[in-house]
$ cat structure27.txt   # compact mmCIF, C-alpha atoms
# COMPACT_ATOMS: atom_id res chain seq x y z
CA MET L 130 18.28 212.24 -100.80
CA ARG L 131 18.14 212.58 -97.03
CA ASN L 132 18.45 216.03 -95.47
CA VAL L 133 21.88 216.87 -94.04
CA TYR L 134 22.62 219.54 -91.46
CA LEU L 135 25.43 221.52 -89.89
CA GLY L 136 27.54 219.09 -87.85
CA ASP L 137 26.66 216.01 -89.93
CA ARG L 138 29.40 213.78 -91.29
CA GLY L 139 29.70 211.03 -93.88
CA ALA L 140 29.19 210.12 -97.50
CA LEU L 141 26.14 212.30 -98.10
CA VAL L 142 28.06 215.35 -96.89
CA GLN L 143 30.86 214.37 -99.28
CA TYR L 144 28.32 214.29 -102.12
CA LEU L 145 27.06 217.73 -101.13
CA GLN L 146 30.60 219.07 -101.16
CA LEU L 147 31.44 217.37 -104.45
CA ALA L 148 28.36 218.87 -106.11
CA LEU L 149 29.22 222.34 -104.81
CA ASN L 150 32.74 222.08 -106.20
CA ARG L 151 31.47 220.96 -109.58
CA ALA L 152 29.06 223.91 -109.54
CA GLY L 153 32.01 226.26 -109.07
CA ILE L 154 31.84 226.72 -105.29
CA GLN L 155 35.13 225.60 -103.79
CA VAL L 156 34.80 223.78 -100.47
CA ALA L 157 36.85 221.01 -98.90
CA ILE L 158 35.56 217.51 -99.67
CA ASP L 159 36.12 216.13 -96.20
CA GLY L 160 32.70 214.73 -95.30
CA GLU L 161 32.25 217.23 -92.44
CA PHE L 162 29.38 219.72 -92.65
CA GLY L 163 31.05 222.78 -91.16
CA ARG L 164 30.81 226.51 -91.70
CA GLU L 165 32.68 226.37 -95.01
CA THR L 166 30.10 223.98 -96.44
CA CYS L 167 27.30 226.12 -95.04
CA GLU L 168 28.69 229.22 -96.74
CA GLY L 169 29.15 227.18 -99.92
CA ILE L 170 25.44 226.36 -100.00
CA ARG L 171 24.59 230.03 -99.51
CA ALA L 172 26.95 231.06 -102.31
CA PHE L 173 25.46 228.45 -104.62
CA LEU L 174 21.87 229.50 -103.90
CA GLY L 175 22.70 233.21 -103.93
CA GLU L 176 20.85 233.82 -100.68
CA ARG L 177 21.38 233.52 -96.96
CA VAL L 178 19.63 230.34 -95.88
CA GLY L 179 19.91 227.90 -93.01
CA CYS L 180 22.86 225.53 -92.72
CA TYR L 181 21.25 222.46 -94.21
CA ALA L 182 20.56 220.74 -97.50
CA ASP L 183 16.93 219.75 -97.79
CA GLN L 184 15.20 218.26 -100.83
CA ALA L 185 14.95 221.65 -102.54
CA VAL L 186 18.71 222.17 -102.25
CA TRP L 187 19.46 218.61 -103.34
CA ASN L 188 17.21 219.01 -106.38
CA ARG L 189 19.35 221.92 -107.56
CA LEU L 190 22.60 220.07 -106.86
CA LEU L 191 21.74 216.62 -108.23
CA PRO L 192 22.67 217.52 -111.83
CA TYR L 193 26.24 217.95 -110.60
CA LEU L 194 26.23 214.39 -109.23
CA LYS L 195 24.54 212.92 -112.30
CA GLY L 196 26.70 214.92 -114.68
CA TYR L 197 24.01 216.44 -116.87
CA THR L 198 21.14 218.89 -116.98
CA THR L 199 18.32 219.60 -119.44
CA HIS L 200 17.78 222.67 -121.58
CA THR L 201 14.71 223.84 -123.46
CA ILE L 202 15.73 225.32 -126.79
CA LYS L 203 14.69 228.93 -127.29
CA ALA L 204 14.94 231.42 -130.13
CA GLY L 205 18.53 232.36 -130.93
CA ASP L 206 20.06 229.25 -129.40
CA SER L 207 22.89 227.39 -131.07
CA LEU L 208 24.71 224.34 -129.82
CA TRP L 209 27.76 226.52 -129.29
CA SER L 210 25.86 229.04 -127.14
CA ILE L 211 24.19 226.27 -125.12
CA ALA L 212 27.54 224.58 -124.56
CA GLN L 213 29.12 227.88 -123.45
CA ASN L 214 26.27 228.60 -121.06
CA TYR L 215 26.54 225.26 -119.26
CA GLY L 216 30.25 224.60 -119.48
CA SER L 217 29.65 221.75 -121.90
CA SER L 218 30.84 221.06 -125.44
CA VAL L 219 29.12 220.85 -128.79
CA GLU L 220 30.45 217.32 -129.23
CA GLY L 221 29.13 216.27 -125.81
CA ILE L 222 25.67 217.64 -126.56
CA GLN L 223 25.57 215.93 -129.93
CA THR L 224 26.64 212.60 -128.41
CA ALA L 225 23.94 212.83 -125.72
CA ASN L 226 21.29 213.78 -128.30
CA PRO L 227 22.09 211.69 -131.39
CA ALA L 228 18.92 212.65 -133.27
CA LEU L 229 19.51 216.39 -132.80
CA ASP L 230 19.95 218.44 -136.00
CA ALA L 231 22.45 221.19 -135.14
CA GLU L 232 21.32 223.25 -138.14
CA ASN L 233 17.64 223.04 -137.29
CA LEU L 234 17.12 223.41 -133.54
CA ARG L 235 13.43 223.21 -132.78
CA ILE L 236 12.25 225.84 -130.29
CA GLY L 237 10.67 224.24 -127.23
CA ARG L 238 12.50 220.95 -127.54
CA LYS L 239 14.23 219.67 -124.41
CA ILE L 240 17.74 218.32 -124.81
CA TYR L 241 20.33 216.77 -122.51
CA VAL L 242 23.39 218.87 -121.75
CA PRO L 243 26.30 216.92 -120.21
CA PHE L 244 28.75 218.86 -118.09
CA SER L 245 32.43 218.74 -119.00
CA PHE L 246 33.78 217.16 -115.82
CA SER L 247 34.50 213.44 -115.49
CA LEU L 248 31.54 211.81 -113.80
CA VAL L 249 33.38 209.18 -111.74
CA SER L 250 34.92 210.92 -108.73
CA GLU L 251 38.05 209.71 -106.97
CA GLN L 252 37.35 211.89 -103.91
CA VAL L 253 34.24 210.45 -102.26
CA ASP L 254 33.08 207.17 -100.75
CA TYR L 255 30.75 205.06 -102.88
CA THR L 256 27.23 203.93 -102.00
CA SER L 257 24.29 202.54 -103.96
CA ILE L 258 23.04 206.13 -104.23
CA LEU L 259 26.11 207.39 -106.07
CA ASN L 260 26.38 204.20 -108.11
CA GLU L 261 22.88 204.75 -109.49
CA PHE L 262 23.48 208.47 -110.12
CA ILE L 263 26.65 207.74 -112.08
CA ILE L 264 25.09 204.97 -114.16
CA GLU L 265 22.14 207.25 -114.98
CA GLY L 266 24.53 210.03 -115.96
CA LEU L 267 26.68 207.75 -118.10
CA ALA L 268 23.60 206.47 -119.93
CA ILE L 269 22.54 210.06 -120.70
CA ARG L 270 26.00 211.16 -121.79
CA TYR L 271 26.55 208.04 -123.87
CA PRO L 272 23.20 206.70 -125.12
CA PHE L 273 24.89 203.77 -126.87
CA LEU L 274 25.31 202.24 -123.41
CA VAL L 275 22.67 199.71 -122.39
CA THR L 276 21.64 199.79 -118.74
CA GLY L 277 19.26 197.75 -116.64
CA SER L 278 18.94 195.74 -113.44
CA ILE L 279 19.95 192.14 -112.79
CA GLY L 280 17.41 191.99 -109.93
CA GLU L 281 16.89 193.32 -106.43
CA SER L 282 18.71 193.15 -103.12
CA VAL L 283 17.21 191.96 -99.83
CA MET L 284 15.95 195.50 -99.23
CA GLY L 285 14.50 195.79 -102.73
CA LYS L 286 17.22 197.98 -104.24
CA ASP L 287 17.95 197.52 -107.92
CA ILE L 288 21.33 196.01 -108.78
CA PRO L 289 22.24 197.88 -111.97
CA TYR L 290 24.29 196.60 -114.86
CA VAL L 291 25.86 198.36 -117.83
CA GLN L 292 26.55 196.90 -121.25
CA ILE L 293 29.01 198.51 -123.64
CA GLY L 294 29.60 196.96 -127.04
CA SER L 295 27.56 194.88 -129.44
CA GLY L 296 29.99 192.14 -130.39
CA GLU L 297 29.51 188.39 -130.36
CA LYS L 298 32.13 187.78 -127.64
CA GLN L 299 30.57 188.40 -124.24
CA VAL L 300 32.54 189.09 -121.05
CA PHE L 301 31.42 190.01 -117.54
CA TYR L 302 33.02 192.06 -114.76
CA ASN L 303 31.55 192.56 -111.29
CA ALA L 304 32.53 194.32 -108.07
CA SER L 305 31.47 194.84 -104.45
CA PHE L 306 30.31 191.32 -103.69
CA HIS L 307 31.71 192.21 -100.26
CA ALA L 308 30.35 195.32 -98.60
CA ASN L 309 33.57 196.73 -97.22
CA GLU L 310 35.33 196.18 -100.54
CA TRP L 311 33.31 198.95 -102.21
CA ILE L 312 36.48 200.63 -103.56
CA THR L 313 36.17 198.16 -106.44
CA THR L 314 32.99 199.92 -107.62
CA PRO L 315 34.62 203.15 -108.87
CA VAL L 316 37.28 201.05 -110.62
CA LEU L 317 34.63 199.50 -112.88
CA LEU L 318 32.70 202.75 -113.26
CA LYS L 319 35.83 204.61 -114.31
CA PHE L 320 36.60 201.99 -116.94
CA ILE L 321 33.08 202.32 -118.35
CA GLU L 322 33.50 206.09 -118.55
CA GLU L 323 36.95 205.91 -120.16
CA TYR L 324 35.77 203.33 -122.70
CA ALA L 325 32.56 205.24 -123.56
CA ARG L 326 34.45 208.53 -123.95
CA ALA L 327 36.97 206.92 -126.30
CA TYR L 328 34.25 205.23 -128.36
CA ALA L 329 32.25 208.45 -128.72
CA ALA L 330 35.31 210.39 -129.85
CA GLY L 331 36.58 207.66 -132.18
CA GLN L 332 39.79 207.37 -130.17
CA SER L 333 41.87 204.51 -128.81
CA LEU L 334 41.40 202.97 -125.38
CA TYR L 335 44.85 202.29 -123.96
CA GLY L 336 46.20 201.49 -127.41
CA GLU L 337 43.15 199.59 -128.72
CA ASN L 338 40.67 200.98 -131.23
CA ALA L 339 37.59 201.62 -129.06
CA ARG L 340 35.14 201.28 -131.95
CA GLN L 341 36.66 197.96 -132.98
CA LEU L 342 36.37 196.74 -129.38
CA PHE L 343 32.72 197.84 -129.37
CA SER L 344 32.09 195.90 -132.57
CA ASP L 345 33.90 192.75 -131.43
CA TYR L 346 32.87 192.45 -127.76
CA SER L 347 29.85 192.86 -125.52
CA LEU L 348 31.13 193.86 -122.10
CA PHE L 349 28.68 193.56 -119.18
CA LEU L 350 29.49 195.14 -115.80
CA VAL L 351 27.76 195.04 -112.40
CA PRO L 352 29.66 197.63 -110.35
CA MET L 353 27.88 196.93 -107.05
CA VAL L 354 26.54 193.43 -106.36
CA ASN L 355 25.82 194.15 -102.67
CA PRO L 356 24.14 197.58 -102.40
CA ASP L 357 22.58 197.06 -98.95
CA GLY L 358 25.86 195.96 -97.42
CA VAL L 359 27.83 198.81 -98.98
CA ASP L 360 25.27 201.32 -97.69
CA LEU L 361 25.54 199.80 -94.21
CA VAL L 362 29.34 200.12 -94.20
CA ASN L 363 29.17 203.74 -95.35
CA GLU L 364 26.32 204.53 -92.97
CA VAL L 365 23.67 205.68 -95.42
CA LEU L 366 21.30 202.75 -94.92
CA LYS L 367 19.00 204.67 -92.57
CA ASN L 368 16.44 201.92 -92.27
CA SER L 369 15.84 201.29 -88.61
CA SER L 370 14.62 197.69 -88.88
CA TYR L 371 17.49 196.53 -91.08
CA GLU L 372 20.06 198.49 -89.09
CA THR L 373 18.76 196.94 -85.89
CA LYS L 374 18.96 193.50 -87.46
CA ALA L 375 22.55 194.13 -88.59
CA ARG L 376 23.56 195.32 -85.11
CA ILE L 377 22.09 192.20 -83.56
CA ILE L 378 24.03 190.04 -86.01
CA ALA L 379 27.23 191.99 -85.40
CA ALA L 380 26.86 191.66 -81.63
CA GLN L 381 27.24 187.88 -81.98
CA TYR L 382 30.71 188.44 -83.48
CA PRO L 383 32.24 191.20 -81.29
CA ASP L 384 35.75 190.69 -82.67
CA ILE L 385 34.65 192.00 -86.08
CA PRO L 386 34.50 195.82 -86.13
CA TYR L 387 31.10 197.28 -86.97
CA PRO L 388 30.25 198.48 -89.55
CA SER L 389 33.71 198.63 -91.18
CA GLY L 390 34.23 194.85 -90.93
CA TRP L 391 30.93 194.00 -92.60
CA LYS L 392 31.32 191.97 -95.82
CA ALA L 393 27.97 190.18 -95.99
CA ASN L 394 24.61 191.20 -97.40
CA ILE L 395 22.14 192.80 -95.00
CA ASP L 396 20.91 189.34 -93.91
CA GLY L 397 24.42 188.39 -92.78
CA ILE L 398 25.15 186.01 -95.69
CA ASP L 399 28.51 186.18 -97.44
CA LEU L 400 27.52 186.53 -101.10
CA ASN L 401 30.74 185.02 -102.40
CA LEU L 402 30.14 181.80 -100.46
CA GLN L 403 26.80 181.15 -102.11
CA PHE L 404 27.57 179.37 -105.36
CA PRO L 405 27.17 175.65 -106.14
CA ALA L 406 30.87 174.82 -106.39
CA GLY L 407 31.97 172.99 -103.27
CA TRP L 408 29.38 174.79 -101.14
CA GLU L 409 29.22 171.94 -98.62
CA GLU L 410 33.00 172.08 -98.21
CA ALA L 411 32.85 175.84 -97.73
CA LYS L 412 30.16 175.27 -95.09
CA ARG L 413 32.37 172.77 -93.28
CA ILE L 414 35.38 175.10 -93.33
CA LYS L 415 33.52 178.21 -92.23
CA GLU L 416 31.56 176.46 -89.49
CA ALA L 417 34.84 175.08 -88.13
CA GLN L 418 35.99 178.71 -87.96
CA GLY L 419 32.93 179.60 -85.90
CA PHE L 420 30.65 181.10 -88.57
CA THR L 421 27.54 179.05 -87.91
CA SER L 422 24.86 181.75 -88.10
CA PRO L 423 24.29 185.04 -89.92
CA ALA L 424 27.45 187.08 -89.50
CA PRO L 425 29.24 190.17 -90.79
CA ARG L 426 31.35 187.83 -92.94
CA ASP L 427 31.98 184.16 -93.82
CA TYR L 428 28.51 182.74 -93.15
CA VAL L 429 27.63 180.58 -96.16
CA GLY L 430 23.86 180.83 -95.67
CA PRO L 431 21.30 178.02 -95.22
CA GLY L 432 21.99 176.74 -98.72
CA PRO L 433 23.57 177.77 -102.03
CA LEU L 434 21.89 180.62 -103.90
CA THR L 435 19.60 181.52 -100.98
CA ALA L 436 20.75 185.18 -100.97
CA PRO L 437 18.91 187.14 -103.69
CA GLU L 438 22.00 189.07 -104.74
CA SER L 439 24.00 185.90 -105.44
CA LEU L 440 21.01 184.30 -107.16
CA ASN L 441 20.69 187.39 -109.38
CA VAL L 442 24.33 187.12 -110.50
CA TYR L 443 23.90 183.38 -111.08
CA GLU L 444 20.79 183.83 -113.22
CA PHE L 445 22.31 186.78 -115.09
CA THR L 446 25.23 184.53 -115.99
CA LEU L 447 22.92 181.74 -117.15
CA ARG L 448 21.16 184.19 -119.49
CA HIS L 449 24.41 185.05 -121.26
CA ASP L 450 27.35 183.36 -122.93
CA PHE L 451 30.30 184.86 -121.11
CA ARG L 452 33.70 183.82 -122.44
CA LEU L 453 35.51 185.24 -119.39
CA ILE L 454 34.64 186.81 -116.04
CA LEU L 455 36.48 189.10 -113.64
CA ALA L 456 35.32 189.30 -110.00
CA TYR L 457 36.79 192.33 -108.24
CA HIS L 458 37.64 192.23 -104.55
CA SER L 459 40.10 193.89 -102.15
CA GLN L 460 42.82 193.62 -100.92
CA GLY L 461 46.27 192.08 -101.47
CA GLU L 462 47.23 192.83 -105.09
CA VAL L 463 46.74 189.19 -106.05
CA ILE L 464 45.17 187.46 -109.04
CA TYR L 465 43.50 184.07 -108.39
CA TRP L 466 42.87 182.04 -111.52
CA LYS L 467 42.03 178.40 -110.67
CA TYR L 468 39.38 176.38 -108.89
CA LEU L 469 40.70 173.07 -107.57
CA ASP L 470 42.16 171.19 -110.56
CA TYR L 471 40.09 173.02 -113.16
CA GLU L 472 42.32 174.86 -115.62
CA PRO L 473 40.27 176.22 -118.52
CA GLU L 474 42.10 176.65 -121.80
CA GLY L 475 44.03 179.91 -121.90
CA SER L 476 43.46 180.77 -118.26
CA ARG L 477 47.08 180.37 -117.16
CA ARG L 478 48.31 182.49 -120.08
CA ILE L 479 45.75 185.21 -119.37
CA ALA L 480 46.54 185.19 -115.65
CA GLU L 481 50.24 185.63 -116.38
CA TYR L 482 49.43 188.50 -118.74
CA PHE L 483 47.30 190.16 -116.06
CA GLY L 484 50.14 189.81 -113.59
CA GLU L 485 52.61 191.32 -116.04
CA VAL L 486 50.52 194.41 -116.86
CA SER L 487 49.42 195.06 -113.26
CA GLY L 488 52.40 194.05 -111.17
CA TYR L 489 50.09 191.85 -109.08
CA THR L 490 51.06 188.39 -107.88
CA VAL L 491 49.46 185.45 -109.69
CA GLU L 492 48.47 182.63 -107.34
CA GLU L 493 46.24 179.60 -107.09
CA THR L 494 43.35 180.07 -104.69
CA PRO L 495 44.13 178.80 -101.16
CA TYR L 496 42.07 175.69 -100.40
CA ALA L 497 40.45 177.15 -97.27
CA SER L 498 38.95 180.03 -99.27
CA GLY L 499 38.60 178.27 -102.61
CA HIS L 500 35.02 177.06 -102.55
CA ALA L 501 31.52 178.41 -103.28
CA GLY L 502 32.75 181.64 -104.87
CA TYR L 503 31.35 183.07 -108.09
CA LYS L 504 34.67 182.57 -109.89
CA ASP L 505 34.79 178.96 -108.65
CA TRP L 506 31.33 178.14 -109.96
CA PHE L 507 31.95 179.83 -113.31
CA ILE L 508 35.15 177.85 -113.89
CA GLN L 509 33.53 174.59 -112.75
CA ASP L 510 30.35 174.87 -114.81
CA TYR L 511 31.61 176.67 -117.92
CA ASN L 512 35.27 175.56 -118.09
CA ARG L 513 36.16 179.08 -119.18
CA PRO L 514 38.64 181.58 -117.71
CA GLY L 515 37.50 183.22 -114.50
CA PHE L 516 39.59 185.43 -112.23
CA THR L 517 39.34 186.99 -108.81
CA ILE L 518 41.27 190.26 -108.75
CA GLU L 519 42.25 191.46 -105.26
CA VAL L 520 43.12 195.16 -105.50
CA GLY L 521 45.00 197.46 -103.16
CA ARG L 522 46.70 196.86 -99.85
CA GLY L 523 45.78 197.59 -96.25
CA GLU L 524 42.68 197.10 -94.15
CA ASN L 525 39.21 197.11 -95.69
CA PRO L 526 37.55 199.36 -96.47
CA LEU L 527 40.51 200.80 -98.33
CA PRO L 528 40.65 204.62 -98.53
CA MET L 529 39.76 206.42 -101.75
CA SER L 530 43.31 207.78 -101.80
CA GLN L 531 44.28 204.37 -103.28
CA VAL L 532 41.81 204.36 -106.14
CA ALA L 533 43.98 206.19 -108.68
CA GLN L 534 46.84 203.73 -108.13
CA ILE L 535 44.43 200.78 -108.20
CA TYR L 536 42.93 201.93 -111.48
CA GLU L 537 46.34 202.46 -113.05
CA ALA L 538 47.33 198.90 -112.10
CA ASN L 539 44.05 197.43 -113.41
CA ARG L 540 43.25 199.31 -116.60
CA TYR L 541 45.09 196.81 -118.79
CA ILE L 542 43.48 193.92 -116.92
CA LEU L 543 40.09 195.45 -117.67
CA LEU L 544 41.05 195.91 -121.30
CA GLY L 545 42.70 192.48 -121.50
CA GLY L 546 39.57 190.77 -120.24
CA MET L 547 38.33 191.39 -123.78
CA THR L 548 41.43 191.35 -125.94
CA GLN L 549 43.06 188.26 -124.41
CA ILE L 550 40.22 185.83 -125.11

$ encode --input "structure27.txt" --output "structure tokens"
Amino acid sequence: MRNVYLGDRGALVQYLQLALNRAGIQVAIDGEFGRETCEGIRAFLGERVGCYADQAVWNRLLPYLKGYTTHTIKAGDSLWSIAQNYGSSVEGIQTANPALDAENLRIGRKIYVPFSFSLVSEQVDYTSILNEFIIEGLAIRYPFLVTGSIGESVMGKDIPYVQIGSGEKQVFYNASFHANEWITTPVLLKFIEEYARAYAAGQSLYGENARQLFSDYSLFLVPMVNPDGVDLVNEVLKNSSYETKARIIAAQYPDIPYPSGWKANIDGIDLNLQFPAGWEEAKRIKEAQGFTSPAPRDYVGPGPLTAPESLNVYEFTLRHDFRLILAYHSQGEVIYWKYLDYEPEGSRRIAEYFGEVSGYTVEETPYASGHAGYKDWFIQDYNRPGFTIEVGRGENPLPMSQVAQIYEANRYILLGGMTQI
């Protein structure tokens, strides 16, 4: 984590403030490093220090972003006393440490202790940094989750995935193909957390038996397809050569605000115009609109699957047998369900169900934007239901104040992506 100082602003300051609040130090989560945040750091550390968060401070705060800490068992410990000491629960500790014998705690053994708060915040902007912290924390809290990487971005960042469930029926959800549509990332992360919590407790997930879902379905999720682009939009990239490159690209398209209007990957390729489903037609349409070179949005690239992020999603799909896919975007509160004249069996019925449970409009994809997308390619090549879900309303990037409403509208879509196939 990069050092932050008095007067700094942005997502990293939000993370600092979020961690302080979770540690019991109440400060405003406003992304502005002012005197209140400075005094919060001092209260947390228990000493009067400078107004900054360096690596030593971050190291002490990171457990509150990842949602867990470690504890070395000592004489006299019980799971109850450990849980009380850390603000955890016996059940949470047992879930995170499935081989732990509560009646025979071995002195000197290190165990994971999850904190009691929900890990997915609805108060801060999302970046690849927070995405990775949350996925790490979820995997520790719920070790039945499978996590990994589908590949790397242009800048060499991992693109993490999460699998929940072990069933024969495989489905796939993804988000943040477009950089300034990063609000879709916490939507998927929150669903993972809600599902995992219900499974661990043997409870229902929005009316469905979570353990039966786990047994019947294998759900794969990539919450952030475009980590470099998201980090550029939220100004945590901090790589001078790539930032310079992005500014040069943006300068060729002065009508697109920078960085808030950036949708592409860091090379200026629109990742959702990269798939071999009418790519040549997408190229014709976008070039007629003036997108003939790397751009903040709508440049199709020199050829299909030339952007590593899109190629990673393509190859990840080839390695699996997905019965259905959901591609999350923003905004408009619209569900797109067809590609040209392709109408996979059940797709219309499922689209209408999604519209009913969300209140979103169900529409066919407009021709001018209906080519070379991930959903388009999946429908074309697999003849199985694929949907683009456009969440929220307003101008991208949408504010986090919308995420609770977006999640409420989409939770039954996320559940129905399994139960409706």

$ closest_atom_pairs --input "structure27.txt" --of "region 395-488 of chain L" --to "region 315-330 of chain L" --cutoff "12 Å" --atoms "all atoms listed in the file" --output "Markdown table"
| residue | atom | partner | partner_atom | distance |
| --- | --- | --- | --- | --- |
| L:Leu455 | CA | L:Leu317 | CA | 10.6 |
| L:Ala456 | CA | L:Leu317 | CA | 10.6 |
| L:Tyr457 | CA | L:Leu317 | CA | 8.8 |
| L:His458 | CA | L:Val316 | CA | 10.7 |
| L:Ser459 | CA | L:Val316 | CA | 11.4 |

$ residues_around --input "structure27.txt" --residues "Phe483 (chain L)" --least-positions-apart "2" --cutoff "8 Å" --atoms "all atoms listed in the file" --output "PyMOL selection string"
chain L and resi 464+479-481+485-487+489+541-542+545

$ residues_around --input "structure27.txt" --residues "Tyr302 (chain L)" --least-positions-apart "4" --cutoff "12 Å" --atoms "all atoms listed in the file" --output "ChimeraX atom specification"
/L:290-293,306,313-314,316-318,320-321,347-354,442,445-446,451-458,503-504,515-518,542-547

$ write_last_selection --input "structure27.txt" --atoms "C-alpha atoms" --output "PDB file, in the coordinates of the input"
ATOM      1  CA  TYR L 290      24.290 196.600-114.860  1.00  0.00           C
ATOM      2  CA  VAL L 291      25.860 198.360-117.830  1.00  0.00           C
ATOM      3  CA  GLN L 292      26.550 196.900-121.250  1.00  0.00           C
ATOM      4  CA  ILE L 293      29.010 198.510-123.640  1.00  0.00           C
ATOM      5  CA  PHE L 306      30.310 191.320-103.690  1.00  0.00           C
ATOM      6  CA  THR L 313      36.170 198.160-106.440  1.00  0.00           C
ATOM      7  CA  THR L 314      32.990 199.920-107.620  1.00  0.00           C
ATOM      8  CA  VAL L 316      37.280 201.050-110.620  1.00  0.00           C
ATOM      9  CA  LEU L 317      34.630 199.500-112.880  1.00  0.00           C
ATOM     10  CA  LEU L 318      32.700 202.750-113.260  1.00  0.00           C
ATOM     11  CA  PHE L 320      36.600 201.990-116.940  1.00  0.00           C
ATOM     12  CA  ILE L 321      33.080 202.320-118.350  1.00  0.00           C
ATOM     13  CA  SER L 347      29.850 192.860-125.520  1.00  0.00           C
ATOM     14  CA  LEU L 348      31.130 193.860-122.100  1.00  0.00           C
ATOM     15  CA  PHE L 349      28.680 193.560-119.180  1.00  0.00           C
ATOM     16  CA  LEU L 350      29.490 195.140-115.800  1.00  0.00           C
ATOM     17  CA  VAL L 351      27.760 195.040-112.400  1.00  0.00           C
ATOM     18  CA  PRO L 352      29.660 197.630-110.350  1.00  0.00           C
ATOM     19  CA  MET L 353      27.880 196.930-107.050  1.00  0.00           C
ATOM     20  CA  VAL L 354      26.540 193.430-106.360  1.00  0.00           C
ATOM     21  CA  VAL L 442      24.330 187.120-110.500  1.00  0.00           C
ATOM     22  CA  PHE L 445      22.310 186.780-115.090  1.00  0.00           C
ATOM     23  CA  THR L 446      25.230 184.530-115.990  1.00  0.00           C
ATOM     24  CA  PHE L 451      30.300 184.860-121.110  1.00  0.00           C
ATOM     25  CA  ARG L 452      33.700 183.820-122.440  1.00  0.00           C
ATOM     26  CA  LEU L 453      35.510 185.240-119.390  1.00  0.00           C
ATOM     27  CA  ILE L 454      34.640 186.810-116.040  1.00  0.00           C
ATOM     28  CA  LEU L 455      36.480 189.100-113.640  1.00  0.00           C
ATOM     29  CA  ALA L 456      35.320 189.300-110.000  1.00  0.00           C
ATOM     30  CA  TYR L 457      36.790 192.330-108.240  1.00  0.00           C
ATOM     31  CA  HIS L 458      37.640 192.230-104.550  1.00  0.00           C
ATOM     32  CA  TYR L 503      31.350 183.070-108.090  1.00  0.00           C
ATOM     33  CA  LYS L 504      34.670 182.570-109.890  1.00  0.00           C
ATOM     34  CA  GLY L 515      37.500 183.220-114.500  1.00  0.00           C
ATOM     35  CA  PHE L 516      39.590 185.430-112.230  1.00  0.00           C
ATOM     36  CA  THR L 517      39.340 186.990-108.810  1.00  0.00           C
ATOM     37  CA  ILE L 518      41.270 190.260-108.750  1.00  0.00           C
ATOM     38  CA  ILE L 542      43.480 193.920-116.920  1.00  0.00           C
ATOM     39  CA  LEU L 543      40.090 195.450-117.670  1.00  0.00           C
ATOM     40  CA  LEU L 544      41.050 195.910-121.300  1.00  0.00           C
ATOM     41  CA  GLY L 545      42.700 192.480-121.500  1.00  0.00           C
ATOM     42  CA  GLY L 546      39.570 190.770-120.240  1.00  0.00           C
ATOM     43  CA  MET L 547      38.330 191.390-123.780  1.00  0.00           C
TER      44      MET L 547
END

$ atom_distance --input "structure27.txt" --atom1 "CA of Ala140 (chain L)" --atom2 "CA of Asp159 (chain L)"
9.3 Å

$ closest_residue --input "structure27.txt" --among "L:Ile279, L:Arg522, L:Tyr255, L:Met529" --to "Leu447 (chain L)" --atoms "all atoms listed in the file"
L:Ile279

$ residues_around --input "structure27.txt" --residues "Pro431 (chain L)" --least-positions-apart "2" --cutoff "9 Å" --atoms "all atoms listed in the file" --output "list of chain:residue names"
L:Ile398, L:Ser422, L:Tyr428, L:Val429, L:Pro433, L:Thr435

$ closest_residue --input "structure27.txt" --among "L:Ala375, L:Ile222, L:Ala304, L:Leu342" --to "Val520 (chain L)" --atoms "all atoms listed in the file"
L:Ala304

$ atom_distance --input "structure27.txt" --atom1 "CA of Glu416 (chain L)" --atom2 "CA of Asp470 (chain L)"
24.2 Å

$ closest_residue --input "structure27.txt" --among "L:Gln341, L:Asn539, L:Glu519, L:Tyr465" --to "Asp505 (chain L)" --atoms "only C-alpha atoms"
L:Tyr465

$ atom_distance --input "structure27.txt" --atom1 "CA of Ala228 (chain L)" --atom2 "CA of Leu190 (chain L)"
27.7 Å

$ residues_around --input "structure27.txt" --residues "region 167-171 of chain L" --least-positions-apart "3" --cutoff "8 Å" --atoms "all atoms listed in the file" --output "list in words"
Leu135, Leu149, Ile154, Gln155, Val156, Phe162, Gly163, Arg164, Leu174, Gly175, Glu176, Arg177, Val178, Gly179, Cys180, Tyr181 and Ala182 of chain L

$ closest_residue --input "structure27.txt" --among "L:Phe301, L:Phe420, L:Trp311, L:Phe246" --to "Leu402 (chain L)" --atoms "only C-alpha atoms"
L:Phe420

$ residues_around --input "structure27.txt" --residues "region 234-239 of chain L" --least-positions-apart "6" --cutoff "8 Å" --atoms "all atoms listed in the file" --output "list in words"
Thr199, His200, Thr201, Ile202, Lys203, Ala204, Asp206 and Ser207 of chain L

$ closest_residue --input "structure27.txt" --among "L:Tyr468, L:Val300, L:Ala533, L:Thr548" --to "Asp510 (chain L)" --atoms "only C-alpha atoms"
L:Tyr468
